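Trainee: I am sharing model39.tsv, which consists of TSV, C-alpha atoms:
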chain	number	residue	atom	x	y	z
D	1	MET	CA	14.40	27.28	26.72
D	2	ARG	CA	13.26	27.26	23.14
D	3	GLY	CA	14.80	25.76	20.10
D	4	SER	CA	14.60	25.51	16.37
D	5	VAL	CA	15.72	23.21	13.62
D	6	ARG	CA	18.86	24.20	11.78
D	7	TRP	CA	18.19	23.06	8.25
D	8	ARG	CA	21.81	22.70	7.16
D	9	ARG	CA	22.40	20.36	10.08
D	10	PHE	CA	19.20	18.55	9.08
D	11	ALA	CA	20.50	18.00	5.55
D	12	LEU	CA	23.89	16.96	6.90
D	13	PHE	CA	22.24	14.11	8.80
D	14	LEU	CA	19.47	13.23	6.34
D	15	VAL	CA	21.60	12.79	3.22
D	16	PRO	CA	23.99	10.10	4.54
D	17	SER	CA	21.06	8.28	6.20
D	18	LEU	CA	19.09	8.18	2.96
D	19	ALA	CA	22.26	7.14	1.12
D	20	ALA	CA	22.66	4.19	3.51
D	21	LEU	CA	19.00	3.26	2.91
D	22	ALA	CA	19.55	3.48	-0.85
D	23	VAL	CA	22.64	1.24	-0.62
D	24	LEU	CA	20.64	-1.36	1.33
D	25	GLY	CA	17.77	-1.12	-1.15
D	26	PHE	CA	20.16	-1.51	-4.07
D	27	GLY	CA	21.86	-4.44	-2.32
D	28	MET	CA	18.50	-6.15	-1.88
D	29	ALA	CA	17.58	-5.66	-5.52
D	30	GLU	CA	20.94	-7.13	-6.53
D	31	GLY	CA	20.53	-10.06	-4.16
D	32	ALA	CA	23.45	-9.13	-1.89
D	33	VAL	CA	21.27	-8.47	1.16
D	34	PRO	CA	18.73	-11.11	2.17
D	35	VAL	CA	15.23	-9.76	2.78
D	36	SER	CA	12.97	-11.04	5.50
D	37	PHE	CA	9.22	-10.77	5.20
D	38	ALA	CA	6.54	-11.36	7.77
D	39	LEU	CA	3.40	-10.47	5.90
D	40	SER	CA	1.09	-12.24	8.28
D	41	GLY	CA	-2.56	-12.97	8.42
D	42	ARG	CA	-3.62	-12.20	4.89
D	43	GLN	CA	-4.39	-14.56	2.07
D	44	MET	CA	-1.83	-14.04	-0.64
D	45	GLN	CA	-0.85	-15.63	-3.89
D	46	VAL	CA	2.56	-17.12	-4.48
D	47	SER	CA	3.56	-18.48	-7.85
D	48	ALA	CA	6.72	-19.66	-9.56
D	49	ASP	CA	7.64	-21.09	-12.96
D	50	ARG	CA	9.96	-23.71	-11.54
D	51	LEU	CA	11.11	-24.64	-8.07
D	52	SER	CA	13.70	-27.30	-7.34
D	53	GLY	CA	15.68	-28.21	-4.28
D	54	ARG	CA	16.23	-30.59	-1.39
D	55	GLY	CA	14.46	-31.44	1.82
D	56	PHE	CA	10.77	-31.11	1.04
D	57	GLY	CA	8.06	-31.63	3.63
D	58	LEU	CA	4.28	-31.28	3.53
D	59	TYR	CA	2.06	-31.77	6.56
D	60	PRO	CA	-1.15	-30.37	8.04
D	61	VAL	CA	-1.07	-27.73	10.76
D	62	VAL	CA	-3.77	-25.79	12.56
D	63	VAL	CA	-3.52	-22.02	12.89
D	64	ARG	CA	-5.72	-19.97	15.18
D	65	SER	CA	-7.35	-16.78	13.90
D	66	ALA	CA	-7.89	-13.58	15.88
D	67	ASN	CA	-11.52	-14.48	16.61
D	68	GLY	CA	-10.46	-17.78	18.18
D	69	ARG	CA	-11.48	-19.97	15.27
D	70	ARG	CA	-9.06	-22.61	14.13
D	71	HIS	CA	-8.12	-23.10	10.49
D	72	GLN	CA	-6.61	-26.15	8.91
D	73	VAL	CA	-3.77	-25.34	6.52
D	74	MET	CA	-0.93	-27.20	4.88
D	75	MET	CA	2.62	-26.46	5.88
D	76	LEU	CA	5.06	-26.70	2.99
D	77	THR	CA	8.69	-26.64	4.02
D	78	MET	CA	11.87	-26.76	2.01
D	79	ARG	CA	15.40	-26.76	3.34
D	80	THR	CA	17.06	-25.29	0.27
D	81	ALA	CA	15.61	-24.49	-3.12
D	82	GLU	CA	16.08	-22.45	-6.26
D	83	ILE	CA	13.08	-20.58	-7.57
D	84	TYR	CA	12.62	-19.41	-11.14
D	85	GLY	CA	10.06	-16.72	-11.96
D	86	LEU	CA	8.96	-16.03	-8.41
D	87	CYS	CA	5.88	-13.89	-7.90
D	88	GLN	CA	3.96	-12.96	-4.76
D	89	SER	CA	0.89	-10.76	-4.60
D	90	ALA	CA	-1.59	-9.73	-1.95
D	91	THR	CA	-4.64	-7.50	-2.05
D	92	VAL	CA	-4.70	-4.82	0.62
D	93	ASP	CA	-7.80	-2.87	1.61
D	94	THR	CA	-6.80	0.75	2.18
D	95	PRO	CA	-8.90	3.87	2.79
D	96	LEU	CA	-8.22	4.67	-0.88
D	97	GLY	CA	-9.65	1.39	-2.12
D	98	ARG	CA	-8.37	-2.07	-2.87
D	99	TYR	CA	-4.71	-2.16	-3.83
D	100	VAL	CA	-2.58	-5.00	-5.12
D	101	LEU	CA	0.94	-5.33	-3.75
D	102	ARG	CA	3.11	-7.47	-5.97
D	103	LEU	CA	6.70	-8.64	-5.59
D	104	SER	CA	8.24	-10.44	-8.52
D	105	ALA	CA	11.59	-11.38	-9.99
D	106	ALA	CA	12.37	-9.22	-13.00
D	107	ASP	CA	14.42	-11.88	-14.76
D	108	ARG	CA	12.50	-15.15	-15.07
D	109	ALA	CA	15.58	-17.07	-16.25
D	110	ARG	CA	17.67	-16.29	-13.18
D	111	PRO	CA	17.08	-18.42	-10.08
D	112	ALA	CA	16.49	-16.99	-6.61
D	113	PRO	CA	18.01	-19.20	-3.89
D	114	VAL	CA	15.97	-19.70	-0.71
D	115	SER	CA	16.63	-21.62	2.49
D	116	GLY	CA	14.56	-22.68	5.45
D	117	LEU	CA	11.32	-21.64	3.81
D	118	GLY	CA	7.94	-22.42	5.37
D	119	ILE	CA	4.69	-21.72	3.52
D	120	SER	CA	1.28	-22.29	5.07
D	121	ALA	CA	-1.09	-22.79	2.20
D	122	THR	CA	-4.77	-23.49	1.73
D	123	ASP	CA	-4.45	-24.81	-1.79
D	124	VAL	CA	-1.60	-25.73	-4.07
D	125	LYS	CA	-1.54	-26.42	-7.80
D	126	ALA	CA	1.64	-27.65	-9.39
D	127	ASP	CA	3.31	-30.25	-11.62
D	128	VAL	CA	5.57	-32.21	-9.32
D	129	ASP	CA	8.54	-34.52	-9.64
D	130	PHE	CA	9.77	-36.02	-6.38
D	131	GLY	CA	12.89	-38.04	-5.62
D	132	SER	CA	13.05	-40.46	-2.64
D	133	LEU	CA	9.42	-39.79	-1.84
D	134	VAL	CA	7.91	-40.97	1.42
D	135	LEU	CA	4.13	-40.83	1.72
D	136	ASN	CA	2.56	-41.00	5.16
D	137	GLU	CA	5.70	-40.00	6.98
D	138	ASP	CA	5.01	-38.90	10.54
D	139	ALA	CA	4.37	-35.14	10.46
D	140	ARG	CA	6.41	-34.59	13.62
D	141	THR	CA	9.61	-35.82	11.96
D	142	LEU	CA	9.14	-33.35	9.09
D	143	GLY	CA	8.93	-30.22	11.19
D	144	SER	CA	8.48	-28.98	14.72
D	145	ALA	CA	5.07	-27.52	13.85
D	146	GLY	CA	3.70	-30.91	12.84
D	147	SER	CA	1.90	-33.04	15.40
D	148	ARG	CA	2.87	-36.63	16.10
D	149	GLY	CA	0.81	-39.16	14.21
D	150	ASP	CA	-0.37	-36.78	11.50
D	151	TYR	CA	-0.07	-37.62	7.85
D	152	GLY	CA	2.91	-36.08	6.08
D	153	VAL	CA	4.76	-36.19	2.80
D	154	GLY	CA	8.53	-36.01	2.70
D	155	ALA	CA	10.98	-35.99	-0.17
D	156	ALA	CA	14.74	-35.68	-0.36
D	157	GLU	CA	14.72	-33.97	-3.73
D	158	PHE	CA	11.98	-32.24	-5.60
D	159	THR	CA	11.24	-30.28	-8.74
D	160	VAL	CA	7.96	-28.44	-9.04
D	161	LYS	CA	6.76	-26.60	-12.13
D	162	ARG	CA	4.05	-23.98	-12.62
D	163	VAL	CA	3.38	-23.56	-8.92
D	164	ARG	CA	0.19	-21.73	-7.85
D	165	VAL	CA	-0.30	-21.38	-4.11
D	166	HIS	CA	-2.87	-19.56	-1.99
D	167	ALA	CA	-0.94	-18.96	1.20
D	168	TRP	CA	-1.57	-17.47	4.62
D	169	MET	CA	2.05	-16.72	5.23
D	170	VAL	CA	5.59	-17.28	4.09
D	171	ALA	CA	8.06	-17.15	6.92
D	172	GLY	CA	11.34	-18.04	8.51
D	173	GLY	CA	13.48	-18.15	5.44
D	174	THR	CA	16.06	-16.17	3.59
D	175	LEU	CA	15.48	-15.22	0.02
D	176	ARG	CA	17.87	-13.62	-2.42
D	177	VAL	CA	16.35	-12.16	-5.54
D	178	LYS	CA	18.36	-10.41	-8.20
D	179	GLY	CA	16.22	-7.68	-9.68
D	180	LEU	CA	13.24	-7.71	-7.36
D	181	LYS	CA	10.30	-5.71	-8.68
D	182	VAL	CA	7.94	-4.24	-6.12
D	183	ALA	CA	4.71	-2.73	-7.41
D	184	ILE	CA	1.67	-1.39	-5.63
D	185	GLY	CA	-1.40	0.01	-7.32
D	186	ARG	CA	-5.04	-0.50	-8.14
D	187	ASP	CA	-4.32	-1.74	-11.67
D	188	VAL	CA	-1.38	-4.01	-10.80
D	189	PRO	CA	-2.24	-7.57	-11.89
D	190	THR	CA	-2.17	-10.37	-9.32
D	191	CYS	CA	0.16	-13.31	-9.91
D	192	PHE	CA	-2.57	-15.59	-11.25
T	193	MET	CA	-13.80	28.49	33.12
T	194	LEU	CA	-13.12	24.99	31.92
T	195	LEU	CA	-12.37	26.35	28.48
T	196	ALA	CA	-9.98	28.96	29.85
T	197	ASP	CA	-8.27	26.28	31.89
T	198	TRP	CA	-7.96	24.13	28.79
T	199	GLY	CA	-6.55	27.06	26.85
T	200	ARG	CA	-3.94	27.70	29.53
T	201	ARG	CA	-2.96	24.04	29.54
T	202	ALA	CA	-2.64	24.03	25.74
T	203	ALA	CA	-0.41	27.10	25.92
T	204	ALA	CA	1.73	25.47	28.59
T	205	PHE	CA	1.99	22.33	26.49
T	206	GLY	CA	2.99	24.43	23.48
T	207	GLU	CA	5.71	26.05	25.55
T	208	TRP	CA	6.89	22.64	26.71
T	209	ALA	CA	6.89	21.28	23.14
T	210	ARG	CA	8.90	24.23	21.82
T	211	GLY	CA	11.61	23.53	24.37
T	212	ARG	CA	12.47	20.17	22.82
T	213	PRO	CA	12.55	18.43	19.43
T	214	PHE	CA	8.89	17.50	19.81
T	215	ALA	CA	8.06	17.01	16.11
T	216	ALA	CA	11.08	14.72	15.79
T	217	GLY	CA	9.88	12.67	18.76
T	218	CYS	CA	6.40	12.37	17.28
T	219	LEU	CA	7.78	11.19	13.93
T	220	LEU	CA	9.97	8.58	15.65
T	221	VAL	CA	7.04	7.28	17.71
T	222	ALA	CA	4.83	7.16	14.60
T	223	SER	CA	7.46	5.28	12.58
T	224	GLY	CA	7.97	2.76	15.39
T	225	ALA	CA	4.24	2.19	15.67
T	226	GLU	CA	3.92	1.73	11.91
T	227	ILE	CA	6.75	-0.82	11.73
T	228	MET	CA	5.45	-2.67	14.78
T	229	LEU	CA	1.78	-2.74	13.82
T	230	MET	CA	1.95	-3.25	10.06
T	231	PRO	CA	1.87	-7.06	10.20
T	232	VAL	CA	-0.81	-7.00	12.92
T	233	VAL	CA	-3.40	-4.43	11.83
T	234	ARG	CA	-6.41	-5.87	10.05
T	235	ALA	CA	-4.85	-9.31	10.13
T	236	ARG	CA	-7.39	-12.07	9.90
T	237	LEU	CA	-5.09	-14.56	11.53
T	238	VAL	CA	-2.60	-14.38	14.33
T	239	VAL	CA	0.16	-16.67	13.25
T	240	HIS	CA	3.76	-17.27	14.14
T	241	THR	CA	5.55	-14.85	11.86
T	242	GLY	CA	9.18	-15.84	12.28
T	243	VAL	CA	12.22	-13.61	12.55
T	244	GLY	CA	10.57	-10.74	10.66
T	245	GLY	CA	7.72	-10.56	13.14
T	246	TYR	CA	9.89	-10.43	16.24
T	247	ALA	CA	12.38	-8.02	14.65
T	248	GLY	CA	9.54	-5.72	13.63
T	249	PHE	CA	8.11	-5.76	17.13
T	250	LEU	CA	11.45	-5.08	18.80
T	251	LEU	CA	12.66	-2.43	16.34
T	252	GLY	CA	9.27	-0.70	16.41
T	253	LEU	CA	9.34	-0.66	20.19
T	254	PHE	CA	12.92	0.66	20.12
T	255	LEU	CA	11.94	3.51	17.77
T	256	ILE	CA	8.99	4.44	20.00
T	257	ALA	CA	11.35	4.49	22.98
T	258	MET	CA	13.79	6.69	21.04
T	259	GLY	CA	10.93	9.05	20.19
T	260	ALA	CA	10.07	9.39	23.87
T	261	ALA	CA	13.73	9.67	24.84
T	262	VAL	CA	14.36	12.56	22.47
T	263	CYS	CA	11.59	14.52	24.23
T	264	PHE	CA	12.73	13.75	27.76
T	265	ALA	CA	16.49	13.52	27.33
T	266	VAL	CA	16.95	16.51	25.04
T	267	ASP	CA	20.71	16.71	25.64
T	268	GLN	CA	21.20	13.23	24.23
T	269	ARG	CA	19.45	14.04	20.93
T	270	SER	CA	22.50	13.44	18.68
T	271	VAL	CA	23.16	9.96	20.07
T	272	ILE	CA	19.46	9.12	19.98
T	273	ALA	CA	19.28	10.27	16.35
T	274	VAL	CA	22.15	7.98	15.32
T	275	LEU	CA	20.62	5.01	17.18
T	276	ALA	CA	17.22	5.68	15.61
T	277	VAL	CA	18.68	5.75	12.10
T	278	LEU	CA	20.50	2.46	12.71
T	279	ALA	CA	17.21	0.94	13.93
T	280	ALA	CA	15.41	2.31	10.87
T	281	LEU	CA	18.00	0.76	8.55
T	282	ALA	CA	17.81	-2.56	10.41
T	283	ALA	CA	14.02	-2.46	10.13
T	284	PHE	CA	14.29	-1.87	6.39
T	285	VAL	CA	16.22	-5.12	5.95
T	286	LEU	CA	14.55	-7.23	8.64
T	287	THR	CA	10.87	-6.33	8.58
T	288	ASN	CA	8.76	-5.99	5.45
T	289	LEU	CA	11.08	-3.34	3.98
T	290	GLY	CA	10.70	-1.27	7.17
T	291	GLY	CA	6.93	-1.13	7.05
T	292	MET	CA	6.96	-0.86	3.26
T	293	LEU	CA	9.50	2.00	3.35
T	294	ILE	CA	7.08	4.36	5.13
T	295	GLY	CA	8.30	3.51	8.63
T	296	SER	CA	11.99	3.65	7.78
T	297	LEU	CA	11.68	6.97	5.92
T	298	THR	CA	9.61	8.53	8.71
T	299	ALA	CA	12.16	7.40	11.27
T	300	ILE	CA	15.08	8.82	9.26
T	301	VAL	CA	13.36	12.19	8.81
T	302	GLY	CA	12.48	12.23	12.53
T	303	ALA	CA	16.05	11.38	13.52
T	304	ALA	CA	17.43	14.10	11.23
T	305	LEU	CA	15.03	16.61	12.80
T	306	ALA	CA	16.18	15.55	16.27
T	307	PHE	CA	19.82	15.87	15.23
T	308	ALA	CA	19.26	19.31	13.69
T	309	TRP	CA	17.25	20.73	16.60
T	310	THR	CA	19.26	23.33	18.46
T	311	PRO	CA	18.28	25.28	21.59
T	312	ARG	CA	18.31	29.06	21.34
T	313	ALA	CA	19.89	30.90	24.23
T	314	ASP	CA	17.75	34.01	23.71
T	315	GLY	CA	14.32	32.29	23.60
Before anything else, please render the file you have as structure tokens.
Mentor:
Amino acid sequence: MRGSVRWRRFALFLVPSLAALAVLGFGMAEGAVPVSFALSGRQMQVSADRLSGRGFGLYPVVVRSANGRRHQVMMLTMRTAEIYGLCQSATVDTPLGRYVLRLSAADRARPAPVSGLGISATDVKADVDFGSLVLNEDARTLGSAGSRGDYGVGAAEFTVKRVRVHAWMVAGGTLRVKGLKVAIGRDVPTCF
Amino acid sequence: MLLADWGRRAAAFGEWARGRPFAAGCLLVASGAEIMLMPVVRARLVVHTGVGGYAGFLLGLFLIAMGAAVCFAVDQRSVIAVLAVLAALAAFVLTNLGGMLIGSLTAIVGAALAFAWTPRADG
């Protein structure tokens, strides 16, 4: 038995599939569909103009790298937050050279709501304003990844301005961005 | 002799491949691998990656299985194509834009090829 591809049938299937993909892509850009990212294992930059919300936690965690070495990072968690002027960029080494992949909110005045966000960061720069701040809260009570007896910072409410974070990963949350811009290229600027 | 044997095997494989939507299967397997491996390849750290990581692994594995299935269960190609497209769309939302679009697009093209493949009675 032999066979061949019938190209009209091919188009009949391809067009609605691509249309569905386009609808999802459009929905994401409009903020109707939450996007989930798991860009793991690569240092990336995350920045925002302003970030405010509830349920902030900061505690140390240890992550293990592929070669067995352990790295100390900070885990930043927030239960719910609104982000203004979000930007995330990572450099990717490809066979064609070093590329910058950048995701950013097109409209800096419109907030992007997030929930259940966890960021593991190596350094953080920001102007902060905490409400109901607790220093030296037990890390275990702030999150399941924290170990009992570790130092932690907790706050019921927080507002952070001009955030600059070097992060290993951002995970476990939902993010809705209206007008998400995705750019990849050699001359795309990083977030900071 | 070895070369002749190899040539005969290649011809037999070609015959086998022409009897099924082989290109479609290859594209589906490639897309699944891309979606599954994108967060892993060249990673400096193995970290817990949350829902996106697990979804990428599962959907990638599913697409690879669909790619194999379309080669070995040729009669089921229409159903497999629909399932593969649904997985590709789910991957687009759940995992790094479906391997930065590449994986999802490859899977959709592969599924369309599988759907459009038709056996010829005369061949």
Trainee: How many Å lie between atom CA of Ala209 of chain T and atom CA of Met230 of chain T, rounded to one decimal?
Mentor: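 Answer for the atom CA of Ala209 of chain T to atom CA of Met230 of chain T separation: 28.2 Å.
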Trainee: Smallest atom-to-atom distance to Gly55 of chain D: which of D:Gln72, D:Ser115, D:Thr174, D:Ser104, using only C-alpha atoms?
Mentor: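 The shortest atom-to-atom distance to Gly55 of chain D comes from D:Ser115.
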Trainee: Using atom CA of Tyr246 of chain T and atom CA of Leu286 of chain T as the two end points, give the distance in Å to one decimal.
Mentor: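 Going from atom CA of Tyr246 of chain T over to atom CA of Leu286 of chain T, I get 9.5 Å.
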Trainee: Given the choices T:Leu293, T:Leu229, T:Ala303, T:Leu195, which gets closest to Leu278 of chain T if the distance is worked out from only C-alpha atoms?
Mentor: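 Checking each of T:Leu293, T:Leu229, T:Ala303, T:Leu195 against Leu278 of chain T, counting only C-alpha atoms, the winner is T:Ala303.
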Trainee: Please indicate the distance in Å from atom CA of Met78 of chain D to atom CA of Ile184 of chain D, rounded to one decimal place.
Mentor: 28.4 Å
Trainee: Which polymer residues have any atom within 10 Å of an atom of Ala109 of chain D, counting only C-alpha atoms, with same-chain residues fewer than 4 positions away left out, as a list in words?
Mentor: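 Result of the neighbour search: Asp49, Arg50, Ile83, Tyr84, Gly85 and Ala105 of chain D.
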Trainee: Excluding Phe307 of chain T and any residue of its chain fewer than 3 positions from it, enumerate the residues within 12 Å of it, using only C-alpha atoms, and give them as a PyMOL selection string.
Mentor: (chain D and resi 4-14+17) or (chain T and resi 212-217+262+266-277+300-304+310-311)
Trainee: How would the residues just picked look written out with C-alpha atoms as a PDB file, keeping the file's coordinate frame?
Mentor:
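New file again_5.pdb:
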ATOM      1  CA  SER D   4      14.600  25.510  16.370  1.00  0.00           C
ATOM      2  CA  VAL D   5      15.720  23.210  13.620  1.00  0.00           C
ATOM      3  CA  ARG D   6      18.860  24.200  11.780  1.00  0.00           C
ATOM      4  CA  TRP D   7      18.190  23.060   8.250  1.00  0.00           C
ATOM      5  CA  ARG D   8      21.810  22.700   7.160  1.00  0.00           C
ATOM      6  CA  ARG D   9      22.400  20.360  10.080  1.00  0.00           C
ATOM      7  CA  PHE D  10      19.200  18.550   9.080  1.00  0.00           C
ATOM      8  CA  ALA D  11      20.500  18.000   5.550  1.00  0.00           C
ATOM      9  CA  LEU D  12      23.890  16.960   6.900  1.00  0.00           C
ATOM     10  CA  PHE D  13      22.240  14.110   8.800  1.00  0.00           C
ATOM     11  CA  LEU D  14      19.470  13.230   6.340  1.00  0.00           C
ATOM     12  CA  SER D  17      21.060   8.280   6.200  1.00  0.00           C
TER      13      SER D  17
ATOM     14  CA  ARG T 212      12.470  20.170  22.820  1.00  0.00           C
ATOM     15  CA  PRO T 213      12.550  18.430  19.430  1.00  0.00           C
ATOM     16  CA  PHE T 214       8.890  17.500  19.810  1.00  0.00           C
ATOM     17  CA  ALA T 215       8.060  17.010  16.110  1.00  0.00           C
ATOM     18  CA  ALA T 216      11.080  14.720  15.790  1.00  0.00           C
ATOM     19  CA  GLY T 217       9.880  12.670  18.760  1.00  0.00           C
ATOM     20  CA  VAL T 262      14.360  12.560  22.470  1.00  0.00           C
ATOM     21  CA  VAL T 266      16.950  16.510  25.040  1.00  0.00           C
ATOM     22  CA  ASP T 267      20.710  16.710  25.640  1.00  0.00           C
ATOM     23  CA  GLN T 268      21.200  13.230  24.230  1.00  0.00           C
ATOM     24  CA  ARG T 269      19.450  14.040  20.930  1.00  0.00           C
ATOM     25  CA  SER T 270      22.500  13.440  18.680  1.00  0.00           C
ATOM     26  CA  VAL T 271      23.160   9.960  20.070  1.00  0.00           C
ATOM     27  CA  ILE T 272      19.460   9.120  19.980  1.00  0.00           C
ATOM     28  CA  ALA T 273      19.280  10.270  16.350  1.00  0.00           C
ATOM     29  CA  VAL T 274      22.150   7.980  15.320  1.00  0.00           C
ATOM     30  CA  LEU T 275      20.620   5.010  17.180  1.00  0.00           C
ATOM     31  CA  ALA T 276      17.220   5.680  15.610  1.00  0.00           C
ATOM     32  CA  VAL T 277      18.680   5.750  12.100  1.00  0.00           C
ATOM     33  CA  ILE T 300      15.080   8.820   9.260  1.00  0.00           C
ATOM     34  CA  VAL T 301      13.360  12.190   8.810  1.00  0.00           C
ATOM     35  CA  GLY T 302      12.480  12.230  12.530  1.00  0.00           C
ATOM     36  CA  ALA T 303      16.050  11.380  13.520  1.00  0.00           C
ATOM     37  CA  ALA T 304      17.430  14.100  11.230  1.00  0.00           C
ATOM     38  CA  THR T 310      19.260  23.330  18.460  1.00  0.00           C
ATOM     39  CA  PRO T 311      18.280  25.280  21.590  1.00  0.00           C
TER      40      PRO T 311
END
Trainee: Compare T:Met228, T:Ala260, T:Arg210, T:Trp198 by their minimum atom-to-atom distance to chain D, counting all atoms listed in the file, and give me the closest one.
Mentor: T:Arg210
Trainee: Need to verify the contact set: Thr298 of chain T, 7 Å, all atoms listed in the file, exclusion of same-chain residues closer than 4 positions in sequence. Can you return it as a list in words?
Mentor: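 Returned residues: Leu219, Leu220, Ser223, Ile294 and Gly302 of chain T.
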Trainee: Identify which of the residues T:Trp208, T:Gly252, T:Gly259, T:Ala265 lies closest to chain D, counting only C-alpha atoms when measuring atom-to-atom distances.
Mentor: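 Answer, going by the shortest atom-to-atom distance: T:Trp208.
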Trainee: From the list D:Arg102, D:Lys178, D:Arg186, D:His166, which residue is nearest Val73 of chain D when using all atoms listed in the file?
Mentor: D:His166
Trainee: Which residues come within 10 Å of Thr159 of chain D, counting only C-alpha atoms, excluding same-chain residues fewer than 3 positions away, as a PDB file with C-alpha atoms, in the frame of the given file?
Mentor:
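Okay, this is what ended up in selection-v1.pdb:
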ATOM      1  CA  ARG D  50       9.960 -23.710 -11.540  1.00  0.00           C
ATOM      2  CA  LEU D  51      11.110 -24.640  -8.070  1.00  0.00           C
ATOM      3  CA  SER D  52      13.700 -27.300  -7.340  1.00  0.00           C
ATOM      4  CA  GLY D  53      15.680 -28.210  -4.280  1.00  0.00           C
ATOM      5  CA  ARG D  54      16.230 -30.590  -1.390  1.00  0.00           C
ATOM      6  CA  PHE D  56      10.770 -31.110   1.040  1.00  0.00           C
ATOM      7  CA  ALA D  81      15.610 -24.490  -3.120  1.00  0.00           C
ATOM      8  CA  GLU D  82      16.080 -22.450  -6.260  1.00  0.00           C
ATOM      9  CA  ILE D  83      13.080 -20.580  -7.570  1.00  0.00           C
ATOM     10  CA  ALA D 126       1.640 -27.650  -9.390  1.00  0.00           C
ATOM     11  CA  ASP D 127       3.310 -30.250 -11.620  1.00  0.00           C
ATOM     12  CA  VAL D 128       5.570 -32.210  -9.320  1.00  0.00           C
ATOM     13  CA  ASP D 129       8.540 -34.520  -9.640  1.00  0.00           C
ATOM     14  CA  PHE D 130       9.770 -36.020  -6.380  1.00  0.00           C
ATOM     15  CA  GLY D 131      12.890 -38.040  -5.620  1.00  0.00           C
TER      16      GLY D 131
END
